[in-house]
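First comes the structure, then the notes that go with it.
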Amino acid sequence: GFLAALEQDAKERAQRRRSNEQLANALKEQGNEAFRQGDFALAILSYSEGLQKLRDKQELYTNRAQAYLKLHEYEKAISDCEWALKCNKNCLKAYFLMGKAHLALQHFTEARQCYEKMLQIDPQKENLVKDCVNEARLEEKRLREEERAEREAQAGNSAASSIQELLQRICSPGQDILYYTGGIRLLAEVVSSCSGQTFFRTNNGFSILSHEAVRGAFCAESRSPAEEELCVSLLLLWQAVCAGNEENQRVLMAQPGVGAQLAELLCSGTAQLQRETLALVSLYSESEGGRRLLLRQDLSRWLQILMAFIKSTDARADSAMNILSDLIGEKRFQTQCQATFSTGVLPLFTQLLVCARQVNPWALARGVALLGSLCADVGLRAQLAQSRQCWQGCLHLLEECPEYQQCVFAVLGLMMNLLLESNGTIQDLAVPISGRCLALLSHQDGRIVTRATGVLSRVLAASPSAVQAAVEGGVVKKMLKFLKAGGHLTSTYAIKTLSICTKSSRRAQEELLKGDKRFRLLLKLLQAGDELLVGNAAFCLGQCLLLPGAASSLLGSAVVPLLLRQAGGDAQRTSVQQNSAIALGRLCVAEPRY
């Protein structure tokens, strides 16, 4: 009786819950649809009806809190988030929305606590939390700056009245264009302090862009000299207003069309306009927050635009490369660059390489190095490595401008990055690439010699013809010379180059045997602490032991214990054990006395 009644009651309650859950889910979907349509009041009503059916459904609380946020009912949003956390103490969405509500109420400490709790629950949300905390920091900073500016204005700060008066004058219609230019120049002089920047913002200073004469000069496709001067004045004003002021940077970039127009000004062909635009963009690119604002714009053309300044012979080239250096590591920038890379950037880059003597060599070197950094993106690297024009441009610069040492060094670095790829273009051009690098092995700059050796260590594997040509060109003798000199990086590249050559060229084996008496260099490398050196040295030795008499030259040396130690060792690279074992086997076969 009693137990049966209990069981029946439990079944009925479970059935009611299933029924209520179905109704709550249906009402949640109704609310979601209303939210998508922008009818937040109706969404709240649907979520509320759903909660009447199922009081412990967390999603209904967080969804309703999100709708309350849209209607600026922040206290109600916080309350719903607290109820959601009673349902699920680790609800990330509840902490996120509660943080937003506290931020809107200027409860900065509480907002940060919500975001920190998110990170404790899910460390993978580090980037999201970082953005949220930064938003709270900027909002608190903005509030403090405006409170201080208000106090200074009430105390009779002269800058406050001057800024207000100048803004009123600039906004008066029907004046000559020089009138507006002069007013903006004066304004730029009085907004340089932190309070001045704040007075400008709180007096709606950014609205001057809506003035017909000002916007006309800023957005014109072609400008008269007077309009150019007005536009320059506007850029100088924005530099003064935005320098070190993250809130003003945000507000400026939020003005309609500003981001797109900056790109047009960089392409304007007017040196002064370009110079001041670069100076303004630099204010953004130099800080993480500023870069984040820039990256919200469409920057798909910016790589091409900034690279074009390499043709400039003045400070514009350096400014453009500085900006590019700031942006190049940003993943979003790399992604945007893909849109115009093959059609815009590659042809321009090739042209710059071919015309190296007509452009700024220092800027070109930086541009090449930055493009090399961009190769961290596998998709962009593949496009570059596939481009025959790119390779031919690199070879042209190496051949025609060997005295431009920074450019040569940068191009060799780019080539090393591109040789991480394997494709038909590299195979076709492996002979001229290796030939050009072989010629650079006599360069007076040791850095260039090292990189040329590095390129050889990667390109020779792409083509047997390249190996043959390199061996005929004396590459074995050169590599042995570098190994004797003992530089670690150059030695790493040199022994790798020798391993490629000795793998397929009997002549290379013979020259190595002749040049390294009793294999003293290889035996020394077998004792190195670097597994790359050891593995390649063992491989070269194994290849040379195929030659008649090679094994006999090692009698009386410590080659057997060295190879045994490496073959039976615990090196992380299995090639060390494998190559050492093969060399040991060939040694014993070739010379029975072992």
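Chains: A, B, ... in order of the structure tokens. Residues: from 1 per chain. Ligands: from 1, in order shown.
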Would you kindly return, as a PyMOL selection string, each protein, DNA or RNA residue with an atom no farther than 10 Å from any atom of Cys407 (chain A), considering only C-alpha atoms and excluding same-chain residues fewer than 4 positions away? chain A and resi 353+356+361-369+394+397-398+401-403+411-413
Which residues are close to region 148-152 of chain A, i.e. within 10 Å by only C-alpha atoms, leaving aside same-chain residues fewer than 5 positions away? Reply as a list in words. Arg142, Leu143, Asn157, Ser158, Ala159, Ala160, Cys194, Ser195, Gly196, Gln197, Thr198, Phe199 and Thr202 of chain A
Save the residues we just selected, N, CA, C and O atoms, as an mmCIF file, in the first residue's frame?
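The result, written out as part.cif:
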```
data_model
loop_
_atom_site.group_PDB
_atom_site.id
_atom_site.type_symbol
_atom_site.label_atom_id
_atom_site.label_comp_id
_atom_site.auth_asym_id
_atom_site.auth_seq_id
_atom_site.Cartn_x
_atom_site.Cartn_y
_atom_site.Cartn_z
ATOM 1 N N ARG A 142 37.484 55.659 -18.487
ATOM 2 C CA ARG A 142 36.697 56.723 -19.128
ATOM 3 C C ARG A 142 35.900 57.513 -18.102
ATOM 4 O O ARG A 142 35.880 58.758 -18.122
ATOM 5 N N LEU A 143 35.260 56.801 -17.183
ATOM 6 C CA LEU A 143 34.447 57.466 -16.154
ATOM 7 C C LEU A 143 35.312 58.372 -15.289
ATOM 8 O O LEU A 143 34.936 59.534 -15.016
ATOM 9 N N ASN A 157 38.736 75.808 -15.793
ATOM 10 C CA ASN A 157 39.809 75.428 -16.715
ATOM 11 C C ASN A 157 39.601 76.119 -18.060
ATOM 12 O O ASN A 157 38.552 76.004 -18.695
ATOM 13 N N SER A 158 40.618 76.847 -18.515
ATOM 14 C CA SER A 158 40.491 77.636 -19.743
ATOM 15 C C SER A 158 40.362 76.757 -20.977
ATOM 16 O O SER A 158 39.701 77.120 -21.962
ATOM 17 N N ALA A 159 41.002 75.573 -20.938
ATOM 18 C CA ALA A 159 40.938 74.686 -22.108
ATOM 19 C C ALA A 159 39.510 74.243 -22.380
ATOM 20 O O ALA A 159 39.100 74.123 -23.542
ATOM 21 N N ALA A 160 38.731 74.021 -21.326
ATOM 22 C CA ALA A 160 37.357 73.558 -21.502
ATOM 23 C C ALA A 160 36.538 74.575 -22.279
ATOM 24 O O ALA A 160 35.841 74.239 -23.241
ATOM 25 N N CYS A 194 45.384 65.313 -21.327
ATOM 26 C CA CYS A 194 44.369 64.281 -21.091
ATOM 27 C C CYS A 194 42.989 64.915 -20.879
ATOM 28 O O CYS A 194 41.991 64.469 -21.434
ATOM 29 N N SER A 195 42.953 65.974 -20.104
ATOM 30 C CA SER A 195 41.666 66.657 -19.864
ATOM 31 C C SER A 195 41.151 67.283 -21.147
ATOM 32 O O SER A 195 39.944 67.251 -21.427
ATOM 33 N N GLY A 196 42.064 67.860 -21.939
ATOM 34 C CA GLY A 196 41.655 68.444 -23.212
ATOM 35 C C GLY A 196 41.049 67.400 -24.128
ATOM 36 O O GLY A 196 40.036 67.657 -24.808
ATOM 37 N N GLN A 197 41.651 66.202 -24.166
ATOM 38 C CA GLN A 197 41.110 65.115 -24.985
ATOM 39 C C GLN A 197 39.710 64.730 -24.502
ATOM 40 O O GLN A 197 38.807 64.472 -25.304
ATOM 41 N N THR A 198 39.546 64.717 -23.174
ATOM 42 C CA THR A 198 38.238 64.360 -22.618
ATOM 43 C C THR A 198 37.212 65.452 -22.905
ATOM 44 O O THR A 198 36.057 65.156 -23.255
ATOM 45 N N PHE A 199 37.595 66.726 -22.761
ATOM 46 C CA PHE A 199 36.680 67.828 -23.083
ATOM 47 C C PHE A 199 36.223 67.717 -24.536
ATOM 48 O O PHE A 199 35.045 67.944 -24.858
ATOM 49 N N THR A 202 33.625 64.805 -24.679
ATOM 50 C CA THR A 202 32.358 65.076 -23.982
ATOM 51 C C THR A 202 31.598 66.246 -24.576
ATOM 52 O O THR A 202 30.398 66.390 -24.333
#
```
Can you pull out every residue within 12 Å of region 421-434 of chain A, counting only C-alpha atoms, but drop anything in the same chain fewer than 6 positions away, and send it as a PyMOL selection string? chain A and resi 375-376+378-399+411-412+414-415+440-441+452-475+497
Between CA of Lys86 (chain A) and CA of Leu54 (chain A), distance in Å (one decimal): 13.9 Å
Could you pull the residues within 12 Å of Leu27 (chain A), counting only C-alpha atoms, minus those fewer than 3 positions along the same chain, as a PDB file with all heavy atoms, in the first residue's frame?
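Writing done, so here's out.pdb:
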```pdb
ATOM      1  N   ASN A  20       6.018  19.305 -18.405  1.00  0.00           N
ATOM      2  CA  ASN A  20       6.393  20.712 -18.189  1.00  0.00           C
ATOM      3  C   ASN A  20       7.684  21.067 -18.926  1.00  0.00           C
ATOM      4  O   ASN A  20       7.840  22.190 -19.412  1.00  0.00           O
ATOM      5  CB  ASN A  20       6.554  20.977 -16.688  1.00  0.00           C
ATOM      6  CG  ASN A  20       5.217  21.056 -15.978  1.00  0.00           C
ATOM      7  OD1 ASN A  20       4.199  21.345 -16.601  1.00  0.00           O
ATOM      8  ND2 ASN A  20       5.218  20.782 -14.672  1.00  0.00           N
ATOM      9  N   GLU A  21       8.592  20.115 -18.992  1.00  0.00           N
ATOM     10  CA  GLU A  21       9.854  20.381 -19.683  1.00  0.00           C
ATOM     11  C   GLU A  21       9.617  20.590 -21.177  1.00  0.00           C
ATOM     12  O   GLU A  21      10.228  21.458 -21.804  1.00  0.00           O
ATOM     13  CB  GLU A  21      10.832  19.232 -19.461  1.00  0.00           C
ATOM     14  CG  GLU A  21      12.219  19.550 -19.971  1.00  0.00           C
ATOM     15  CD  GLU A  21      13.301  18.747 -19.267  1.00  0.00           C
ATOM     16  OE1 GLU A  21      12.975  17.855 -18.477  1.00  0.00           O
ATOM     17  OE2 GLU A  21      14.477  19.036 -19.523  1.00  0.00           O
ATOM     18  N   GLN A  22       8.729  19.809 -21.751  1.00  0.00           N
ATOM     19  CA  GLN A  22       8.385  19.992 -23.162  1.00  0.00           C
ATOM     20  C   GLN A  22       7.771  21.368 -23.396  1.00  0.00           C
ATOM     21  O   GLN A  22       8.110  22.071 -24.356  1.00  0.00           O
ATOM     22  CB  GLN A  22       7.408  18.902 -23.609  1.00  0.00           C
ATOM     23  CG  GLN A  22       8.042  17.522 -23.718  1.00  0.00           C
ATOM     24  CD  GLN A  22       7.032  16.451 -24.075  1.00  0.00           C
ATOM     25  OE1 GLN A  22       5.814  16.705 -24.101  1.00  0.00           O
ATOM     26  NE2 GLN A  22       7.509  15.228 -24.338  1.00  0.00           N
ATOM     27  N   LEU A  23       6.854  21.758 -22.491  1.00  0.00           N
ATOM     28  CA  LEU A  23       6.228  23.081 -22.619  1.00  0.00           C
ATOM     29  C   LEU A  23       7.266  24.193 -22.434  1.00  0.00           C
ATOM     30  O   LEU A  23       7.262  25.185 -23.169  1.00  0.00           O
ATOM     31  CB  LEU A  23       5.113  23.225 -21.579  1.00  0.00           C
ATOM     32  CG  LEU A  23       3.856  22.364 -21.806  1.00  0.00           C
ATOM     33  CD1 LEU A  23       2.945  22.425 -20.586  1.00  0.00           C
ATOM     34  CD2 LEU A  23       3.108  22.848 -23.057  1.00  0.00           C
ATOM     35  N   ALA A  24       8.178  24.024 -21.447  1.00  0.00           N
ATOM     36  CA  ALA A  24       9.214  25.040 -21.188  1.00  0.00           C
ATOM     37  C   ALA A  24      10.149  25.173 -22.385  1.00  0.00           C
ATOM     38  O   ALA A  24      10.536  26.290 -22.759  1.00  0.00           O
ATOM     39  CB  ALA A  24      10.002  24.675 -19.928  1.00  0.00           C
ATOM     40  N   GLN A  30      10.162  29.886 -28.520  1.00  0.00           N
ATOM     41  CA  GLN A  30       9.373  31.078 -28.874  1.00  0.00           C
ATOM     42  C   GLN A  30      10.117  32.342 -28.451  1.00  0.00           C
ATOM     43  O   GLN A  30      10.188  33.323 -29.190  1.00  0.00           O
ATOM     44  CB  GLN A  30       7.999  31.028 -28.192  1.00  0.00           C
ATOM     45  CG  GLN A  30       7.039  30.002 -28.777  1.00  0.00           C
ATOM     46  CD  GLN A  30       5.696  30.005 -28.055  1.00  0.00           C
ATOM     47  OE1 GLN A  30       5.318  31.003 -27.424  1.00  0.00           O
ATOM     48  NE2 GLN A  30       4.982  28.887 -28.118  1.00  0.00           N
ATOM     49  N   GLY A  31      10.673  32.306 -27.241  1.00  0.00           N
ATOM     50  CA  GLY A  31      11.430  33.454 -26.747  1.00  0.00           C
ATOM     51  C   GLY A  31      12.665  33.718 -27.585  1.00  0.00           C
ATOM     52  O   GLY A  31      12.989  34.878 -27.889  1.00  0.00           O
ATOM     53  N   ASN A  32      13.364  32.649 -27.967  1.00  0.00           N
ATOM     54  CA  ASN A  32      14.562  32.811 -28.801  1.00  0.00           C
ATOM     55  C   ASN A  32      14.223  33.451 -30.145  1.00  0.00           C
ATOM     56  O   ASN A  32      14.971  34.302 -30.640  1.00  0.00           O
ATOM     57  CB  ASN A  32      15.237  31.453 -29.034  1.00  0.00           C
ATOM     58  CG  ASN A  32      15.860  30.899 -27.762  1.00  0.00           C
ATOM     59  OD1 ASN A  32      15.984  31.602 -26.767  1.00  0.00           O
ATOM     60  ND2 ASN A  32      16.242  29.624 -27.783  1.00  0.00           N
ATOM     61  N   GLU A  33      13.107  33.024 -30.722  1.00  0.00           N
ATOM     62  CA  GLU A  33      12.702  33.596 -32.013  1.00  0.00           C
ATOM     63  C   GLU A  33      12.358  35.080 -31.849  1.00  0.00           C
ATOM     64  O   GLU A  33      12.736  35.913 -32.689  1.00  0.00           O
ATOM     65  CB  GLU A  33      11.501  32.827 -32.562  1.00  0.00           C
ATOM     66  CG  GLU A  33      11.002  33.321 -33.915  1.00  0.00           C
ATOM     67  CD  GLU A  33      12.070  33.277 -34.998  1.00  0.00           C
ATOM     68  OE1 GLU A  33      12.954  32.384 -34.943  1.00  0.00           O
ATOM     69  OE2 GLU A  33      12.043  34.147 -35.906  1.00  0.00           O
ATOM     70  N   ALA A  34      11.644  35.414 -30.774  1.00  0.00           N
ATOM     71  CA  ALA A  34      11.320  36.829 -30.523  1.00  0.00           C
ATOM     72  C   ALA A  34      12.597  37.635 -30.305  1.00  0.00           C
ATOM     73  O   ALA A  34      12.723  38.774 -30.788  1.00  0.00           O
ATOM     74  CB  ALA A  34      10.398  36.939 -29.308  1.00  0.00           C
ATOM     75  N   LEU A  42       8.678  40.659 -25.757  1.00  0.00           N
ATOM     76  CA  LEU A  42       7.968  39.400 -26.011  1.00  0.00           C
ATOM     77  C   LEU A  42       8.836  38.204 -25.619  1.00  0.00           C
ATOM     78  O   LEU A  42       8.337  37.208 -25.083  1.00  0.00           O
ATOM     79  CB  LEU A  42       7.584  39.302 -27.489  1.00  0.00           C
ATOM     80  CG  LEU A  42       6.825  38.028 -27.906  1.00  0.00           C
ATOM     81  CD1 LEU A  42       5.535  37.882 -27.112  1.00  0.00           C
ATOM     82  CD2 LEU A  42       6.539  38.048 -29.425  1.00  0.00           C
ATOM     83  N   ALA A  43      10.141  38.323 -25.863  1.00  0.00           N
ATOM     84  CA  ALA A  43      11.053  37.249 -25.475  1.00  0.00           C
ATOM     85  C   ALA A  43      11.014  37.039 -23.968  1.00  0.00           C
ATOM     86  O   ALA A  43      10.945  35.901 -23.486  1.00  0.00           O
ATOM     87  CB  ALA A  43      12.479  37.590 -25.930  1.00  0.00           C
ATOM     88  N   ILE A  44      11.028  38.132 -23.210  1.00  0.00           N
ATOM     89  CA  ILE A  44      10.966  38.050 -21.743  1.00  0.00           C
ATOM     90  C   ILE A  44       9.673  37.375 -21.295  1.00  0.00           C
ATOM     91  O   ILE A  44       9.673  36.522 -20.393  1.00  0.00           O
ATOM     92  CB  ILE A  44      11.102  39.454 -21.121  1.00  0.00           C
ATOM     93  CG1 ILE A  44      12.543  39.959 -21.294  1.00  0.00           C
ATOM     94  CG2 ILE A  44      10.705  39.446 -19.647  1.00  0.00           C
ATOM     95  CD1 ILE A  44      12.720  41.419 -20.962  1.00  0.00           C
ATOM     96  N   LEU A  45       8.584  37.714 -21.966  1.00  0.00           N
ATOM     97  CA  LEU A  45       7.289  37.120 -21.623  1.00  0.00           C
ATOM     98  C   LEU A  45       7.316  35.611 -21.853  1.00  0.00           C
ATOM     99  O   LEU A  45       6.856  34.833 -20.997  1.00  0.00           O
ATOM    100  CB  LEU A  45       6.192  37.770 -22.469  1.00  0.00           C
ATOM    101  CG  LEU A  45       4.748  37.313 -22.181  1.00  0.00           C
ATOM    102  CD1 LEU A  45       4.362  37.650 -20.745  1.00  0.00           C
ATOM    103  CD2 LEU A  45       3.779  37.974 -23.169  1.00  0.00           C
ATOM    104  N   SER A  46       7.861  35.174 -22.961  1.00  0.00           N
ATOM    105  CA  SER A  46       7.931  33.730 -23.260  1.00  0.00           C
ATOM    106  C   SER A  46       8.822  33.007 -22.264  1.00  0.00           C
ATOM    107  O   SER A  46       8.476  31.925 -21.774  1.00  0.00           O
ATOM    108  CB  SER A  46       8.456  33.517 -24.683  1.00  0.00           C
ATOM    109  OG  SER A  46       7.587  34.084 -25.636  1.00  0.00           O
ATOM    110  N   TYR A  47       9.979  33.589 -21.963  1.00  0.00           N
ATOM    111  CA  TYR A  47      10.881  32.948 -20.994  1.00  0.00           C
ATOM    112  C   TYR A  47      10.216  32.872 -19.615  1.00  0.00           C
ATOM    113  O   TYR A  47      10.366  31.870 -18.898  1.00  0.00           O
ATOM    114  CB  TYR A  47      12.201  33.727 -20.890  1.00  0.00           C
ATOM    115  CG  TYR A  47      13.006  33.753 -22.164  1.00  0.00           C
ATOM    116  CD1 TYR A  47      13.678  34.915 -22.560  1.00  0.00           C
ATOM    117  CD2 TYR A  47      13.117  32.635 -22.983  1.00  0.00           C
ATOM    118  CE1 TYR A  47      14.432  34.964 -23.727  1.00  0.00           C
ATOM    119  CE2 TYR A  47      13.865  32.668 -24.158  1.00  0.00           C
ATOM    120  CZ  TYR A  47      14.513  33.840 -24.521  1.00  0.00           C
ATOM    121  OH  TYR A  47      15.256  33.880 -25.675  1.00  0.00           O
ATOM    122  N   SER A  48       9.490  33.917 -19.248  1.00  0.00           N
ATOM    123  CA  SER A  48       8.812  33.937 -17.942  1.00  0.00           C
ATOM    124  C   SER A  48       7.744  32.851 -17.867  1.00  0.00           C
ATOM    125  O   SER A  48       7.601  32.166 -16.847  1.00  0.00           O
ATOM    126  CB  SER A  48       8.191  35.313 -17.684  1.00  0.00           C
ATOM    127  OG  SER A  48       9.193  36.315 -17.686  1.00  0.00           O
ATOM    128  N   GLU A  49       6.993  32.680 -18.953  1.00  0.00           N
ATOM    129  CA  GLU A  49       5.976  31.619 -18.980  1.00  0.00           C
ATOM    130  C   GLU A  49       6.640  30.247 -18.892  1.00  0.00           C
ATOM    131  O   GLU A  49       6.116  29.331 -18.260  1.00  0.00           O
ATOM    132  CB  GLU A  49       5.143  31.730 -20.261  1.00  0.00           C
ATOM    133  CG  GLU A  49       4.226  32.943 -20.278  1.00  0.00           C
ATOM    134  CD  GLU A  49       3.448  33.053 -21.590  1.00  0.00           C
ATOM    135  OE1 GLU A  49       3.572  32.130 -22.428  1.00  0.00           O
ATOM    136  OE2 GLU A  49       2.737  34.054 -21.773  1.00  0.00           O
ATOM    137  N   GLY A  50       7.786  30.128 -19.535  1.00  0.00           N
ATOM    138  CA  GLY A  50       8.521  28.869 -19.451  1.00  0.00           C
ATOM    139  C   GLY A  50       8.963  28.569 -18.034  1.00  0.00           C
ATOM    140  O   GLY A  50       8.921  27.413 -17.575  1.00  0.00           O
ATOM    141  N   LEU A  51       9.389  29.602 -17.301  1.00  0.00           N
ATOM    142  CA  LEU A  51       9.834  29.417 -15.917  1.00  0.00           C
ATOM    143  C   LEU A  51       8.663  29.055 -15.000  1.00  0.00           C
ATOM    144  O   LEU A  51       8.860  28.406 -13.964  1.00  0.00           O
ATOM    145  CB  LEU A  51      10.533  30.681 -15.413  1.00  0.00           C
ATOM    146  CG  LEU A  51      11.958  30.872 -15.948  1.00  0.00           C
ATOM    147  CD1 LEU A  51      12.463  32.266 -15.667  1.00  0.00           C
ATOM    148  CD2 LEU A  51      12.903  29.824 -15.330  1.00  0.00           C
ATOM    149  N   GLN A  52       7.452  29.453 -15.375  1.00  0.00           N
ATOM    150  CA  GLN A  52       6.291  29.038 -14.589  1.00  0.00           C
ATOM    151  C   GLN A  52       6.061  27.532 -14.721  1.00  0.00           C
ATOM    152  O   GLN A  52       5.555  26.894 -13.802  1.00  0.00           O
ATOM    153  CB  GLN A  52       5.047  29.802 -15.052  1.00  0.00           C
ATOM    154  CG  GLN A  52       5.077  31.277 -14.677  1.00  0.00           C
ATOM    155  CD  GLN A  52       3.906  32.058 -15.270  1.00  0.00           C
ATOM    156  OE1 GLN A  52       2.990  31.474 -15.859  1.00  0.00           O
ATOM    157  NE2 GLN A  52       3.940  33.383 -15.122  1.00  0.00           N
ATOM    158  N   LYS A  53       6.478  27.003 -15.872  1.00  0.00           N
ATOM    159  CA  LYS A  53       6.357  25.556 -16.078  1.00  0.00           C
ATOM    160  C   LYS A  53       7.505  24.785 -15.433  1.00  0.00           C
ATOM    161  O   LYS A  53       7.321  23.664 -14.974  1.00  0.00           O
ATOM    162  CB  LYS A  53       6.321  25.241 -17.583  1.00  0.00           C
ATOM    163  CG  LYS A  53       5.183  25.899 -18.341  1.00  0.00           C
ATOM    164  CD  LYS A  53       3.838  25.409 -17.850  1.00  0.00           C
ATOM    165  CE  LYS A  53       2.682  26.062 -18.611  1.00  0.00           C
ATOM    166  NZ  LYS A  53       1.369  25.639 -18.068  1.00  0.00           N
ATOM    167  N   LEU A  54       8.704  25.394 -15.440  1.00  0.00           N
ATOM    168  CA  LEU A  54       9.878  24.693 -14.922  1.00  0.00           C
ATOM    169  C   LEU A  54      10.799  25.716 -14.262  1.00  0.00           C
ATOM    170  O   LEU A  54      11.540  26.424 -14.938  1.00  0.00           O
ATOM    171  CB  LEU A  54      10.604  23.983 -16.077  1.00  0.00           C
ATOM    172  CG  LEU A  54      11.412  22.738 -15.712  1.00  0.00           C
ATOM    173  CD1 LEU A  54      10.503  21.637 -15.161  1.00  0.00           C
ATOM    174  CD2 LEU A  54      12.151  22.217 -16.941  1.00  0.00           C
ATOM    175  N   LYS A  57      15.025  25.664 -14.714  1.00  0.00           N
ATOM    176  CA  LYS A  57      15.651  25.561 -16.050  1.00  0.00           C
ATOM    177  C   LYS A  57      16.603  26.744 -16.252  1.00  0.00           C
ATOM    178  O   LYS A  57      16.187  27.867 -16.511  1.00  0.00           O
ATOM    179  CB  LYS A  57      14.591  25.518 -17.146  1.00  0.00           C
ATOM    180  CG  LYS A  57      15.156  25.098 -18.502  1.00  0.00           C
ATOM    181  CD  LYS A  57      14.046  24.748 -19.468  1.00  0.00           C
ATOM    182  CE  LYS A  57      14.617  24.287 -20.801  1.00  0.00           C
ATOM    183  NZ  LYS A  57      15.432  23.061 -20.692  1.00  0.00           N
ATOM    184  N   GLU A  59      18.677  27.697 -18.621  1.00  0.00           N
ATOM    185  CA  GLU A  59      18.721  28.433 -19.889  1.00  0.00           C
ATOM    186  C   GLU A  59      17.674  29.538 -19.960  1.00  0.00           C
ATOM    187  O   GLU A  59      17.903  30.590 -20.560  1.00  0.00           O
ATOM    188  CB  GLU A  59      18.524  27.476 -21.075  1.00  0.00           C
ATOM    189  CG  GLU A  59      19.613  26.423 -21.197  1.00  0.00           C
ATOM    190  CD  GLU A  59      19.171  25.114 -20.564  1.00  0.00           C
ATOM    191  OE1 GLU A  59      18.568  25.168 -19.460  1.00  0.00           O
ATOM    192  OE2 GLU A  59      19.434  24.052 -21.151  1.00  0.00           O
ATOM    193  N   LEU A  60      16.518  29.289 -19.313  1.00  0.00           N
ATOM    194  CA  LEU A  60      15.477  30.317 -19.334  1.00  0.00           C
ATOM    195  C   LEU A  60      15.899  31.554 -18.546  1.00  0.00           C
ATOM    196  O   LEU A  60      15.601  32.686 -18.937  1.00  0.00           O
ATOM    197  CB  LEU A  60      14.173  29.750 -18.780  1.00  0.00           C
ATOM    198  CG  LEU A  60      13.468  28.724 -19.687  1.00  0.00           C
ATOM    199  CD1 LEU A  60      12.343  28.029 -18.939  1.00  0.00           C
ATOM    200  CD2 LEU A  60      12.926  29.409 -20.942  1.00  0.00           C
ATOM    201  N   ASN A  63      18.707  33.311 -20.682  1.00  0.00           N
ATOM    202  CA  ASN A  63      18.126  33.933 -21.880  1.00  0.00           C
ATOM    203  C   ASN A  63      17.322  35.169 -21.516  1.00  0.00           C
ATOM    204  O   ASN A  63      17.382  36.195 -22.210  1.00  0.00           O
ATOM    205  CB  ASN A  63      17.247  32.925 -22.625  1.00  0.00           C
ATOM    206  CG  ASN A  63      18.061  31.863 -23.342  1.00  0.00           C
ATOM    207  OD1 ASN A  63      19.277  31.789 -23.170  1.00  0.00           O
ATOM    208  ND2 ASN A  63      17.407  31.028 -24.132  1.00  0.00           N
ATOM    209  N   ARG A  64      16.574  35.070 -20.420  1.00  0.00           N
ATOM    210  CA  ARG A  64      15.792  36.244 -19.991  1.00  0.00           C
ATOM    211  C   ARG A  64      16.727  37.356 -19.530  1.00  0.00           C
ATOM    212  O   ARG A  64      16.474  38.544 -19.795  1.00  0.00           O
ATOM    213  CB  ARG A  64      14.810  35.848 -18.887  1.00  0.00           C
ATOM    214  CG  ARG A  64      13.809  36.960 -18.575  1.00  0.00           C
ATOM    215  CD  ARG A  64      12.683  36.484 -17.686  1.00  0.00           C
ATOM    216  NE  ARG A  64      13.153  36.202 -16.318  1.00  0.00           N
ATOM    217  CZ  ARG A  64      12.327  35.869 -15.313  1.00  0.00           C
ATOM    218  NH1 ARG A  64      11.023  35.760 -15.526  1.00  0.00           N
ATOM    219  NH2 ARG A  64      12.816  35.637 -14.103  1.00  0.00           N
TER     220      ARG A  64
END
```
